[in-house]
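Shown next, in structure tokens, is the structure this report addresses.
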Amino acid sequence: MFDGKAQIITAPEFQKLVKDMQEKLHIEKEQKEVRAKERKKKADANAALEHWKGQLIEKYNEDMATYNEECAALAVDGVPKKLWPKKPAHPTRGRKAKQLNPPPIDSPPPSIPTTRPSRAIAPSNLIVDLGDGPEDSEYEDLDDEFDV
């Protein structure tokens, strides 16, 4: 900023230097806020992923506990080991672990399938004619309109 010489504060060059420094500080501050938001978003995503993995591990531990109880009961009954049920797969190890994808964080809720009104079937006792007759129909003159 200073070249080792005295500067006049009112000089336009000095004011331009001060303005440039302030703009640079402002831009750096904005970039810092953007990086902080990105870090926060990434930390939230990692926390959600860890929570999801924790739920998977907890379910796996429950499955293993029931499996061990079932195997102990079968061993007491003298059932051969080849007839025992398969051991539950670990959710984060093995081939199937690579296929697991956590639920997306920013995704919209899943769509609920609905029937199309044209394909909906209603019982005949629910279908009600609101018109008094053909004179009430708004489509009665369609034949005349399309004649050329």
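Ordering of the structure tokens sets the chain letters (A, B, ...); residue numbers start at 1 within each chain; ligands are numbered from 1 in the order shown.
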Skip Asn68 (chain A) itself and residues of its chain fewer than 6 positions away, then list as a CSV table (one decimal) with all heavy atoms, in the first residue's frame all residues within 12 Å of it, counting only C-alpha atoms.
```csv
chain,number,residue,atom,x,y,z
A,61,ASN,N,-27.6,-55.8,14.3
A,61,ASN,CA,-27.3,-56.4,15.6
A,61,ASN,C,-28.6,-57.1,16.2
A,61,ASN,O,-28.5,-58.2,16.8
A,61,ASN,CB,-26.8,-55.4,16.6
A,61,ASN,CG,-25.4,-54.9,16.3
A,61,ASN,OD1,-24.7,-55.6,15.6
A,61,ASN,ND2,-25.1,-53.7,16.7
A,62,GLU,N,-29.8,-56.5,16.0
A,62,GLU,CA,-31.0,-57.2,16.4
A,62,GLU,C,-31.2,-58.5,15.6
A,62,GLU,O,-31.6,-59.5,16.2
A,62,GLU,CB,-32.2,-56.2,16.2
A,62,GLU,CG,-32.2,-55.0,17.1
A,62,GLU,CD,-33.3,-54.0,16.7
A,62,GLU,OE1,-34.0,-54.2,15.8
A,62,GLU,OE2,-33.3,-52.9,17.4
A,74,LEU,N,-32.1,-74.4,17.9
A,74,LEU,CA,-32.0,-75.6,16.9
A,74,LEU,C,-30.9,-76.5,17.4
A,74,LEU,O,-31.0,-77.7,17.2
A,74,LEU,CB,-31.7,-75.0,15.5
A,74,LEU,CG,-32.8,-74.3,14.8
A,74,LEU,CD1,-32.4,-73.7,13.5
A,74,LEU,CD2,-34.0,-75.2,14.6
A,75,ALA,N,-29.8,-76.0,18.0
A,75,ALA,CA,-28.7,-76.8,18.4
A,75,ALA,C,-29.2,-77.7,19.6
A,75,ALA,O,-28.8,-78.9,19.7
A,75,ALA,CB,-27.5,-76.0,18.9
A,84,TRP,N,-29.9,-75.2,9.3
A,84,TRP,CA,-30.1,-73.9,10.1
A,84,TRP,C,-30.3,-72.8,9.0
A,84,TRP,O,-29.9,-72.9,7.9
A,84,TRP,CB,-28.9,-73.6,10.9
A,84,TRP,CG,-28.7,-74.5,12.1
A,84,TRP,CD1,-29.5,-75.6,12.5
A,84,TRP,CD2,-27.8,-74.3,13.2
A,84,TRP,NE1,-29.0,-76.1,13.6
A,84,TRP,CE2,-28.0,-75.3,14.1
A,84,TRP,CE3,-26.8,-73.4,13.4
A,84,TRP,CZ2,-27.2,-75.5,15.2
A,84,TRP,CZ3,-26.0,-73.5,14.5
A,84,TRP,CH2,-26.2,-74.5,15.4
A,85,PRO,N,-31.0,-71.7,9.5
A,85,PRO,CA,-31.1,-70.6,8.5
A,85,PRO,C,-29.8,-69.9,8.2
A,85,PRO,O,-28.8,-70.0,9.0
A,85,PRO,CB,-32.1,-69.6,9.3
A,85,PRO,CG,-31.9,-70.0,10.7
A,85,PRO,CD,-31.6,-71.4,10.8
A,86,LYS,N,-29.8,-69.1,7.1
A,86,LYS,CA,-28.6,-68.4,6.8
A,86,LYS,C,-28.4,-67.2,7.7
A,86,LYS,O,-29.3,-66.6,8.2
A,86,LYS,CB,-28.7,-67.8,5.4
A,86,LYS,CG,-28.6,-68.9,4.3
A,86,LYS,CD,-28.7,-68.3,2.9
A,86,LYS,CE,-27.4,-67.6,2.6
A,86,LYS,NZ,-27.3,-67.1,1.2
A,87,LYS,N,-27.1,-66.9,8.0
A,87,LYS,CA,-26.7,-65.8,8.8
A,87,LYS,C,-27.0,-64.5,8.1
A,87,LYS,O,-26.8,-64.4,6.9
A,87,LYS,CB,-25.2,-65.9,9.1
A,87,LYS,CG,-24.7,-64.9,10.1
A,87,LYS,CD,-23.2,-65.2,10.3
A,87,LYS,CE,-22.7,-64.2,11.3
A,87,LYS,NZ,-21.3,-64.4,11.6
A,88,PRO,N,-27.6,-63.5,8.8
A,88,PRO,CA,-27.9,-62.2,8.1
A,88,PRO,C,-26.6,-61.6,7.6
A,88,PRO,O,-25.6,-61.6,8.3
A,88,PRO,CB,-28.6,-61.4,9.2
A,88,PRO,CG,-28.6,-62.2,10.4
A,88,PRO,CD,-28.0,-63.5,10.2
```
In terms of the shortest atom-to-atom distance over only C-alpha atoms, which of A:Glu70, A:Asp63, A:Asp20, A:Asp77 is closest to Ala89 (chain A)?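 That would be A:Asp63, the residue with the smallest distance to Ala89 (chain A).
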Point-to-point distance in Å for CA of His51 (chain A) and CA of Arg35 (chain A):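 Taking CA of Arg35 (chain A) as the start and CA of His51 (chain A) as the end point, the length is 24.0 Å.
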Selected residue of minimal separation from Thr92 (chain A) among A:Glu69, A:Gly78, A:Trp52, A:Ala47, counting only C-alpha atoms: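 Ranked by minimum distance to Thr92 (chain A), first place goes to A:Trp52.
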